2 protein chains.
Amino acid sequence: MMDQTYVEDLSGMIGEDVVLKGWLYNSRSSGKLVFLQLRDGTGIVQCVVFKGNVDDDTFEQAKSLGQESSLIVRGKVKEDARSPIGVEIDVTGVDIVQAAADYPITPKEHGTEFLMDHRHLWIRSKKQHAVLRVRHTVIKATRDYFDDNGFILADTPIFTPAACEGTTTLFEVDYFEDNKAYLTQSGQLYNEATAAAFGKSYAFGPTFRAEKSKTRRHLTEFWMVEPEVAYAHLEDMMDLGEGLILAIVSRVLEERKEELETLERDVSKLESIASPFPRIHYDEAVNMLRKGHEDGELENLFEWGGDFGAPDETYLSQQFGKPVFVHHFPAAIKAFYFERDRERPELALGVDLLAPEGYGEIIGGGERATDIEFLEKQIEEHGLPKESFEWYLDLRRFGSVPHAGFGMGIERCTAWMCGIEHIRETIPFPRMLYRLRP
Amino acid sequence: MMDQTYVEDLSGMIGEDVVLKGWLYNSRSSGKLVFLQLRDGTGIVQCVVFKGNVDDDTFEQAKSLGQESSLIVRGKVKEDARSPIGVEIDVTGVDIVQAAADYPITPKEHGTEFLMDHRHLWIRSKKQHAVLRVRHTVIKATRDYFDDNGFILADTPIFTPAACEGTTTLFEVDYFEDNKAYLTQSGQLYNEATAAAFGKSYAFGPTFRAEKSKTRRHLTEFWMVEPEVAYAHLEDMMDLGEGLILAIVSRVLEERKEELETLERDVSKLESIASPFPRIHYDEAVNMLRKGHEDGELENLFEWGGDFGAPDETYLSQQFGKPVFVHHFPAAIKAFYFERDRERPELALGVDLLAPEGYGEIIGGGERATDIEFLEKQIEEHGLPKESFEWYLDLRRFGSVPHAGFGMGIERCTAWMCGIEHIRETIPFPRMLYRLRP
């Protein structure tokens, strides 16, 4: 690794002799010159081969080299104002590691299925490459945010003995000796235990939903960060969520400028995201949606008590041009563990954060119920097997405290940052209803 | 969250009035004084309640409060030389949030099964709490190491269509419409694709092994970091692995001093870990093991060609007192994808890192084969379904390059840092052959 210079470091090395190792992204020739676009995973640089500077064999080989051939290029770094990275390479030698032919992904249009079948190669393409580098930064910013704010990472189990939020969307696994395990849909119940141990904790891992859904927002396997805080309330989660989003947005703008350019992202949309995010009551959201219908901007008349559909979420966030929190949802559409509003017990202390530009809900959470009798009744009313929740009820038997948390989906957040439509491009190897390969 | 002071911040706040929110770890009373040990997840502080400073009801309640009751304490921070954190709290008020009774985990001895059944509470205990905070730091140091060295995090899929290293230890999942998916045992094959896209990549997530093994080193669900580097060779992986271990050790020593003290860890053992780590050839390791047998230190006579057992690993690492790399294993005991030694093709370019103090293999990896014909033959000889590996073979069709990587198990590394015997304590909710709860 030591005898190699990476493209991302070239701009500070003008005049130096370097060895680059990578793959041929593109090439063209013109008389005594061959222009090789070399990519090495950190960037792309133009390498200029002049016929007189290398032996004839090398020159001829370089001229006819196929896309994604692997090669080692030696040469001098030269300032070049026309280059996006400010430099090009004056080549003194080329070693072809492997000459590739008939690379399946060409500049022409390919169908999505074809590209998804070739995902292992597609991720080398400029746009996919940029999206996944943004994903890296979203995750890094997220982890740093929690680590720097005193949270302890406590991984929750993937194998769970029972459903956390209903059984219809669970993946079942054959465990040992005819036992069944289920893949986690959320680490939340376990986070409530770790928050009682560490004060502030978070889980960050893959979660699974066996939804027979083919929308652009669904994956069967996706990554989620879930913080949980003891002695925290609903308002605290809005503070925490707002801080998280601001940390992600500023880090992405700072570190992934080039990638956002490649993606033709309108960065002004991200630059304008600033504190405070509006916080509206569900009742207020309902009024806005009904007005939207009156004004002919929404097809359906929204009824109080319902859950938002994608057009509702888009409409609401459009009213503000920045992320908006909606809180105090009807308890009937929320999970069993939500704390209730004291004055209006039909409302759950839940909160969603709706992203702008139609990216929908990216944070969902709220305050958890503290009272054991209330929870026992809830578990019964939701038809859940009480014995599976005895450990969870222990958290109310032994030092029950107000506490709250939320979950944020990494793929949805990355799609929003990138301004891309389908979340299947925001994870290296997406898994969907009809997609288990490669 | 704002109106709360955390115990970890108290030492700098002498003389200030604070509000602490937490749980009762322990208490005792003596005449007109009650001493409450309050834990809040970041530490434990002694809160002294003087009968005259609070009303009588509060004093009586404080006196009889059960372990793990939740409470809010108001008071002044007072210097106290006898306290491990240098301060105690002169209490002016106590609010009992929930009075707990009969907390199941008491200072008396409990059996392991009992503690594991109460894992959701056990993690509040001093020792478990310390282990999991060390785990947090191991993970943070690991991620920072790769992020700071130009690696891109590229999560590999949990659902895989086929086995990577044999089928006997795979967990099977019902996917949609009678399809089967298998839970990943390693992200490596996918990492090879992402390394070709990003130059340097890593995956970090849970991996699964359906091993019917009950040893102290096995979990069915464990976390692994797996870096992969294009244009890298076997030696580079030893450099990279050594750097990683040094980064983890120094970060743990720096940030988790108190936790290591709680765990009664002999830190001199960690402090002595320094570069360079010995790098020995498998042949040399075999000679050492045979000598160990001659000297009566190893029961069995090790035969060239075999894989190391736990006593062998322990013996080898004891010869050096620091982590030791063993490289060039017999190809017959390694997976199909290893590159071979050119001079001695019966050897695979694999490398393991053996931790000191009997913690065994914590890193395993090596250089991957680049030649498609060799790999096709390997896949056939290993009886693997070739059609499942076509995408993997594409990586050799289109820009094949030398590349290498490794995997490091987070739980084994954490157990080593903590000096604890069983890895089941190094993960918040362990999953084992007979353990799927809580």
# chains A, B, ... in the order shown; residues from 1 in each chain; ligands from 1

call {"tool": "interface_residues", "arguments": {"of": "chain B", "to": "chain A", "cutoff": "7 Å", "atoms": "only C-alpha atoms", "output": "mmCIF file with N, CA, C and O atoms, in the first residue's frame"}}
result
data_model
loop_
_atom_site.group_PDB
_atom_site.id
_atom_site.type_symbol
_atom_site.label_atom_id
_atom_site.label_comp_id
_atom_site.auth_asym_id
_atom_site.auth_seq_id
_atom_site.Cartn_x
_atom_site.Cartn_y
_atom_site.Cartn_z
ATOM 1 N N MET B 1 -33.474 16.956 29.122
ATOM 2 C CA MET B 1 -32.086 16.530 29.289
ATOM 3 C C MET B 1 -31.221 17.673 29.821
ATOM 4 O O MET B 1 -30.139 17.456 30.335
ATOM 5 N N TRP B 23 -30.550 6.082 39.525
ATOM 6 C CA TRP B 23 -31.092 4.914 40.218
ATOM 7 C C TRP B 23 -30.239 4.632 41.456
ATOM 8 O O TRP B 23 -29.037 4.922 41.469
ATOM 9 N N ASP B 40 -26.094 6.918 37.463
ATOM 10 C CA ASP B 40 -26.904 7.525 36.396
ATOM 11 C C ASP B 40 -26.470 7.058 35.018
ATOM 12 O O ASP B 40 -26.854 7.635 34.006
ATOM 13 N N GLY B 41 -25.667 5.991 34.968
ATOM 14 C CA GLY B 41 -25.227 5.451 33.681
ATOM 15 C C GLY B 41 -23.845 5.946 33.298
ATOM 16 O O GLY B 41 -23.137 5.289 32.536
ATOM 17 N N THR B 42 -23.458 7.104 33.834
ATOM 18 C CA THR B 42 -22.113 7.625 33.526
ATOM 19 C C THR B 42 -21.169 7.438 34.701
ATOM 20 O O THR B 42 -19.968 7.644 34.558
ATOM 21 N N GLU B 68 -32.144 -0.036 43.004
ATOM 22 C CA GLU B 68 -32.627 0.289 41.648
ATOM 23 C C GLU B 68 -33.916 1.094 41.627
ATOM 24 O O GLU B 68 -34.552 1.233 40.587
ATOM 25 N N SER B 69 -34.296 1.642 42.797
ATOM 26 C CA SER B 69 -35.362 2.639 42.763
ATOM 27 C C SER B 69 -34.849 3.820 41.952
ATOM 28 O O SER B 69 -33.659 4.127 41.964
ATOM 29 N N SER B 70 -35.755 4.491 41.243
ATOM 30 C CA SER B 70 -35.329 5.662 40.471
ATOM 31 C C SER B 70 -35.577 6.913 41.297
ATOM 32 O O SER B 70 -36.622 7.029 41.952
ATOM 33 N N VAL B 97 -38.827 8.771 42.120
ATOM 34 C CA VAL B 97 -39.597 8.622 40.879
ATOM 35 C C VAL B 97 -40.380 7.318 40.927
ATOM 36 O O VAL B 97 -41.570 7.265 40.678
ATOM 37 N N GLN B 98 -39.684 6.233 41.253
ATOM 38 C CA GLN B 98 -40.365 4.954 41.471
ATOM 39 C C GLN B 98 -39.606 4.164 42.523
ATOM 40 O O GLN B 98 -38.393 3.961 42.407
ATOM 41 N N ALA B 99 -40.337 3.730 43.535
ATOM 42 C CA ALA B 99 -39.714 2.930 44.600
ATOM 43 C C ALA B 99 -39.744 1.468 44.175
ATOM 44 O O ALA B 99 -40.812 0.902 43.953
ATOM 45 N N ALA B 100 -38.561 0.885 44.005
ATOM 46 C CA ALA B 100 -38.488 -0.517 43.579
ATOM 47 C C ALA B 100 -38.276 -1.425 44.793
ATOM 48 O O ALA B 100 -37.635 -1.024 45.768
ATOM 49 N N TYR B 103 -35.282 -6.168 44.053
ATOM 50 C CA TYR B 103 -34.473 -6.220 42.830
ATOM 51 C C TYR B 103 -33.791 -7.584 42.763
ATOM 52 O O TYR B 103 -33.144 -8.001 43.726
ATOM 53 N N HIS B 120 -31.125 -7.951 30.887
ATOM 54 C CA HIS B 120 -31.637 -6.587 30.762
ATOM 55 C C HIS B 120 -31.402 -5.769 32.034
ATOM 56 O O HIS B 120 -31.379 -4.542 31.984
ATOM 57 N N ILE B 123 -26.865 -5.759 33.015
ATOM 58 C CA ILE B 123 -25.998 -4.754 32.386
ATOM 59 C C ILE B 123 -25.884 -3.472 33.221
ATOM 60 O O ILE B 123 -25.056 -2.623 32.936
ATOM 61 N N ARG B 124 -26.696 -3.350 34.289
ATOM 62 C CA ARG B 124 -26.565 -2.199 35.187
ATOM 63 C C ARG B 124 -25.452 -2.413 36.212
ATOM 64 O O ARG B 124 -25.017 -1.458 36.857
ATOM 65 N N ARG B 133 -18.828 -0.585 28.155
ATOM 66 C CA ARG B 133 -18.219 0.706 27.819
ATOM 67 C C ARG B 133 -16.877 0.500 27.108
ATOM 68 O O ARG B 133 -16.525 1.253 26.204
ATOM 69 N N HIS B 136 -17.780 -0.273 23.540
ATOM 70 C CA HIS B 136 -18.059 0.975 22.823
ATOM 71 C C HIS B 136 -16.761 1.589 22.284
ATOM 72 O O HIS B 136 -16.683 2.009 21.127
ATOM 73 N N ILE B 152 -13.577 3.528 2.891
ATOM 74 C CA ILE B 152 -15.002 3.839 2.774
ATOM 75 C C ILE B 152 -15.789 2.686 3.395
ATOM 76 O O ILE B 152 -15.567 1.516 3.066
ATOM 77 N N LEU B 153 -16.693 3.026 4.308
ATOM 78 C CA LEU B 153 -17.575 2.009 4.894
ATOM 79 C C LEU B 153 -18.596 1.582 3.840
ATOM 80 O O LEU B 153 -19.334 2.420 3.310
ATOM 81 N N ALA B 154 -18.609 0.314 3.513
ATOM 82 C CA ALA B 154 -19.588 -0.195 2.544
ATOM 83 C C ALA B 154 -20.235 -1.430 3.149
ATOM 84 O O ALA B 154 -19.639 -2.502 3.182
ATOM 85 N N ASP B 155 -21.431 -1.263 3.671
ATOM 86 C CA ASP B 155 -22.102 -2.364 4.360
ATOM 87 C C ASP B 155 -22.434 -3.480 3.391
ATOM 88 O O ASP B 155 -23.002 -3.250 2.327
ATOM 89 N N THR B 156 -22.080 -4.686 3.785
ATOM 90 C CA THR B 156 -22.386 -5.846 2.948
ATOM 91 C C THR B 156 -23.716 -6.441 3.408
ATOM 92 O O THR B 156 -24.146 -6.205 4.531
ATOM 93 N N PRO B 157 -24.392 -7.189 2.519
ATOM 94 C CA PRO B 157 -25.747 -7.633 2.863
ATOM 95 C C PRO B 157 -25.774 -8.709 3.950
ATOM 96 O O PRO B 157 -24.865 -9.529 4.043
ATOM 97 N N THR B 160 -28.010 -13.345 2.181
ATOM 98 C CA THR B 160 -27.202 -13.752 1.036
ATOM 99 C C THR B 160 -27.856 -14.950 0.373
ATOM 100 O O THR B 160 -28.539 -15.736 1.036
ATOM 101 N N PRO B 161 -27.647 -15.080 -0.930
ATOM 102 C CA PRO B 161 -28.293 -16.184 -1.632
ATOM 103 C C PRO B 161 -27.546 -17.497 -1.484
ATOM 104 O O PRO B 161 -28.103 -18.550 -1.712
ATOM 105 N N PHE B 171 -27.526 -20.086 8.939
ATOM 106 C CA PHE B 171 -28.916 -19.904 9.350
ATOM 107 C C PHE B 171 -29.765 -19.639 8.109
ATOM 108 O O PHE B 171 -29.438 -18.766 7.305
ATOM 109 N N GLU B 172 -30.849 -20.374 8.008
ATOM 110 C CA GLU B 172 -31.724 -20.264 6.845
ATOM 111 C C GLU B 172 -32.934 -19.395 7.191
ATOM 112 O O GLU B 172 -33.502 -19.524 8.276
ATOM 113 N N VAL B 173 -33.304 -18.533 6.265
ATOM 114 C CA VAL B 173 -34.448 -17.645 6.473
ATOM 115 C C VAL B 173 -35.469 -17.889 5.369
ATOM 116 O O VAL B 173 -35.097 -18.061 4.208
ATOM 117 N N ASP B 174 -36.754 -17.884 5.744
ATOM 118 C CA ASP B 174 -37.797 -17.928 4.729
ATOM 119 C C ASP B 174 -37.909 -16.557 4.093
ATOM 120 O O ASP B 174 -38.321 -15.598 4.743
ATOM 121 N N PHE B 176 -39.312 -14.469 0.473
ATOM 122 C CA PHE B 176 -40.656 -14.447 -0.087
ATOM 123 C C PHE B 176 -40.887 -15.609 -1.056
ATOM 124 O O PHE B 176 -39.955 -16.102 -1.684
ATOM 125 N N ALA B 193 -15.766 -6.746 -4.028
ATOM 126 C CA ALA B 193 -16.396 -5.876 -5.036
ATOM 127 C C ALA B 193 -16.283 -4.410 -4.634
ATOM 128 O O ALA B 193 -16.002 -3.550 -5.474
ATOM 129 N N ALA B 197 -14.252 -0.911 -6.175
ATOM 130 C CA ALA B 197 -14.948 0.354 -6.456
ATOM 131 C C ALA B 197 -14.331 1.521 -5.698
ATOM 132 O O ALA B 197 -14.292 2.639 -6.205
ATOM 133 N N PHE B 198 -13.857 1.272 -4.474
ATOM 134 C CA PHE B 198 -13.391 2.363 -3.606
ATOM 135 C C PHE B 198 -11.898 2.307 -3.280
ATOM 136 O O PHE B 198 -11.399 3.180 -2.572
ATOM 137 N N GLY B 199 -11.197 1.287 -3.732
ATOM 138 C CA GLY B 199 -9.780 1.173 -3.414
ATOM 139 C C GLY B 199 -9.553 0.564 -2.041
ATOM 140 O O GLY B 199 -8.908 -0.468 -1.905
ATOM 141 N N GLY B 205 -20.522 -5.135 10.649
ATOM 142 C CA GLY B 205 -21.887 -5.485 11.002
ATOM 143 C C GLY B 205 -21.951 -6.824 11.682
ATOM 144 O O GLY B 205 -20.916 -7.464 11.929
ATOM 145 N N ALA B 232 -3.305 -4.619 -2.656
ATOM 146 C CA ALA B 232 -2.574 -4.904 -1.424
ATOM 147 C C ALA B 232 -2.200 -6.381 -1.373
ATOM 148 O O ALA B 232 -2.838 -7.222 -2.009
ATOM 149 N N ASP B 236 0.933 -6.302 3.601
ATOM 150 C CA ASP B 236 0.164 -5.087 3.885
ATOM 151 C C ASP B 236 -0.903 -5.349 4.941
ATOM 152 O O ASP B 236 -1.212 -4.476 5.762
ATOM 153 N N TRP B 391 -21.100 -13.644 -10.280
ATOM 154 C CA TRP B 391 -20.842 -12.216 -10.008
ATOM 155 C C TRP B 391 -19.459 -12.027 -9.407
ATOM 156 O O TRP B 391 -18.765 -11.062 -9.719
ATOM 157 N N ARG B 397 -12.902 -11.010 -14.131
ATOM 158 C CA ARG B 397 -13.045 -10.766 -15.568
ATOM 159 C C ARG B 397 -12.777 -9.305 -15.903
ATOM 160 O O ARG B 397 -12.267 -8.983 -16.973
ATOM 161 N N PHE B 398 -13.176 -8.437 -14.994
ATOM 162 C CA PHE B 398 -13.138 -7.004 -15.281
ATOM 163 C C PHE B 398 -12.247 -6.276 -14.291
ATOM 164 O O PHE B 398 -12.682 -5.784 -13.265
ATOM 165 N N GLY B 399 -10.953 -6.231 -14.641
ATOM 166 C CA GLY B 399 -10.023 -5.471 -13.813
ATOM 167 C C GLY B 399 -9.551 -6.200 -12.578
ATOM 168 O O GLY B 399 -9.515 -5.630 -11.488
ATOM 169 N N SER B 400 -9.189 -7.456 -12.729
ATOM 170 C CA SER B 400 -8.656 -8.224 -11.599
ATOM 171 C C SER B 400 -7.354 -7.591 -11.108
ATOM 172 O O SER B 400 -6.489 -7.246 -11.899
ATOM 173 N N VAL B 401 -7.253 -7.433 -9.809
ATOM 174 C CA VAL B 401 -6.013 -6.889 -9.219
ATOM 175 C C VAL B 401 -5.668 -7.694 -7.970
ATOM 176 O O VAL B 401 -6.534 -8.305 -7.370
ATOM 177 N N PRO B 428 -24.198 -6.726 24.487
ATOM 178 C CA PRO B 428 -25.319 -6.464 25.400
ATOM 179 C C PRO B 428 -26.283 -7.650 25.554
ATOM 180 O O PRO B 428 -26.624 -8.015 26.670
ATOM 181 N N PHE B 429 -26.703 -8.248 24.433
ATOM 182 C CA PHE B 429 -27.654 -9.347 24.521
ATOM 183 C C PHE B 429 -27.142 -10.547 23.721
ATOM 184 O O PHE B 429 -27.457 -10.694 22.544
ATOM 185 N N LEU B 433 -26.212 -21.048 21.480
ATOM 186 C CA LEU B 433 -26.967 -22.266 21.162
ATOM 187 C C LEU B 433 -28.267 -22.363 21.962
ATOM 188 O O LEU B 433 -29.332 -22.599 21.412
ATOM 189 N N LEU B 436 -31.655 -17.385 23.551
ATOM 190 C CA LEU B 436 -32.304 -16.478 22.596
ATOM 191 C C LEU B 436 -33.071 -15.381 23.351
ATOM 192 O O LEU B 436 -33.760 -14.568 22.759
ATOM 193 N N ARG B 437 -32.983 -15.389 24.672
ATOM 194 C CA ARG B 437 -33.689 -14.407 25.498
ATOM 195 C C ARG B 437 -32.749 -13.757 26.502
ATOM 196 O O ARG B 437 -31.775 -14.397 26.891
ATOM 197 N N PRO B 438 -33.077 -12.601 27.065
ATOM 198 C CA PRO B 438 -34.253 -11.799 26.713
ATOM 199 C C PRO B 438 -34.045 -11.136 25.346
ATOM 200 O O PRO B 438 -32.946 -11.131 24.843
#

call {"tool": "residues_around", "arguments": {"residues": "range 274-277 of chain A", "least_positions_apart": "3", "cutoff": "8 Å", "atoms": "only C-alpha atoms", "output": "NGL selection string"}}
result
:A and (242 or 246 or 271 or 322-325)

call {"tool": "write_last_selection", "arguments": {"atoms": "N, CA, C and O atoms", "output": "PDB file, in the first residue's frame"}}
result
ATOM      1  N   GLU A 242     -33.238  17.174  15.819  1.00  0.00           N
ATOM      2  CA  GLU A 242     -32.848  18.365  15.056  1.00  0.00           C
ATOM      3  C   GLU A 242     -31.324  18.494  15.026  1.00  0.00           C
ATOM      4  O   GLU A 242     -30.729  18.743  13.974  1.00  0.00           O
ATOM      5  N   LEU A 246     -28.970  18.402  11.621  1.00  0.00           N
ATOM      6  CA  LEU A 246     -28.075  19.519  11.319  1.00  0.00           C
ATOM      7  C   LEU A 246     -26.623  19.051  11.223  1.00  0.00           C
ATOM      8  O   LEU A 246     -25.870  19.504  10.360  1.00  0.00           O
ATOM      9  N   GLU A 271     -28.284  23.655   2.031  1.00  0.00           N
ATOM     10  CA  GLU A 271     -27.676  24.788   2.742  1.00  0.00           C
ATOM     11  C   GLU A 271     -28.707  25.595   3.518  1.00  0.00           C
ATOM     12  O   GLU A 271     -28.381  26.243   4.514  1.00  0.00           O
ATOM     13  N   LYS A 322     -38.394  23.180   5.096  1.00  0.00           N
ATOM     14  CA  LYS A 322     -37.365  22.531   5.901  1.00  0.00           C
ATOM     15  C   LYS A 322     -37.983  21.355   6.651  1.00  0.00           C
ATOM     16  O   LYS A 322     -39.204  21.171   6.593  1.00  0.00           O
ATOM     17  N   PRO A 323     -37.159  20.559   7.314  1.00  0.00           N
ATOM     18  CA  PRO A 323     -37.745  19.406   7.997  1.00  0.00           C
ATOM     19  C   PRO A 323     -38.747  19.876   9.050  1.00  0.00           C
ATOM     20  O   PRO A 323     -38.527  20.896   9.699  1.00  0.00           O
ATOM     21  N   VAL A 324     -39.833  19.131   9.202  1.00  0.00           N
ATOM     22  CA  VAL A 324     -40.864  19.533  10.157  1.00  0.00           C
ATOM     23  C   VAL A 324     -41.236  18.362  11.077  1.00  0.00           C
ATOM     24  O   VAL A 324     -41.433  17.234  10.613  1.00  0.00           O
ATOM     25  N   PHE A 325     -41.290  18.653  12.361  1.00  0.00           N
ATOM     26  CA  PHE A 325     -41.728  17.654  13.333  1.00  0.00           C
ATOM     27  C   PHE A 325     -43.251  17.686  13.453  1.00  0.00           C
ATOM     28  O   PHE A 325     -43.839  18.772  13.583  1.00  0.00           O
TER      29      PHE A 325
END

call {"tool": "select_by_dssp", "arguments": {"residues": "range 79-255 of chain A", "states": "strand (DSSP E)", "output": "MDAnalysis selection string"}}
result
chainID A and resid 79 87:98 152:153 159:160 172:174 180:183 200:208 221:230

call {"tool": "residues_around", "arguments": {"residues": "Phe35 in chain B", "least_positions_apart": "4", "cutoff": "6 Å", "atoms": "only C-alpha atoms", "output": "list in words"}}
result
Ser27, Arg28, Ser29, Cys47 and Val48 of chain B

call {"tool": "select_by_dssp", "arguments": {"residues": "range 157-325 of chain A", "states": "helix (DSSP H, G or I)", "output": "PyMOL selection string"}}
result
chain A and resi 188-198+234-255+257-262+267-271+282-294+310-318
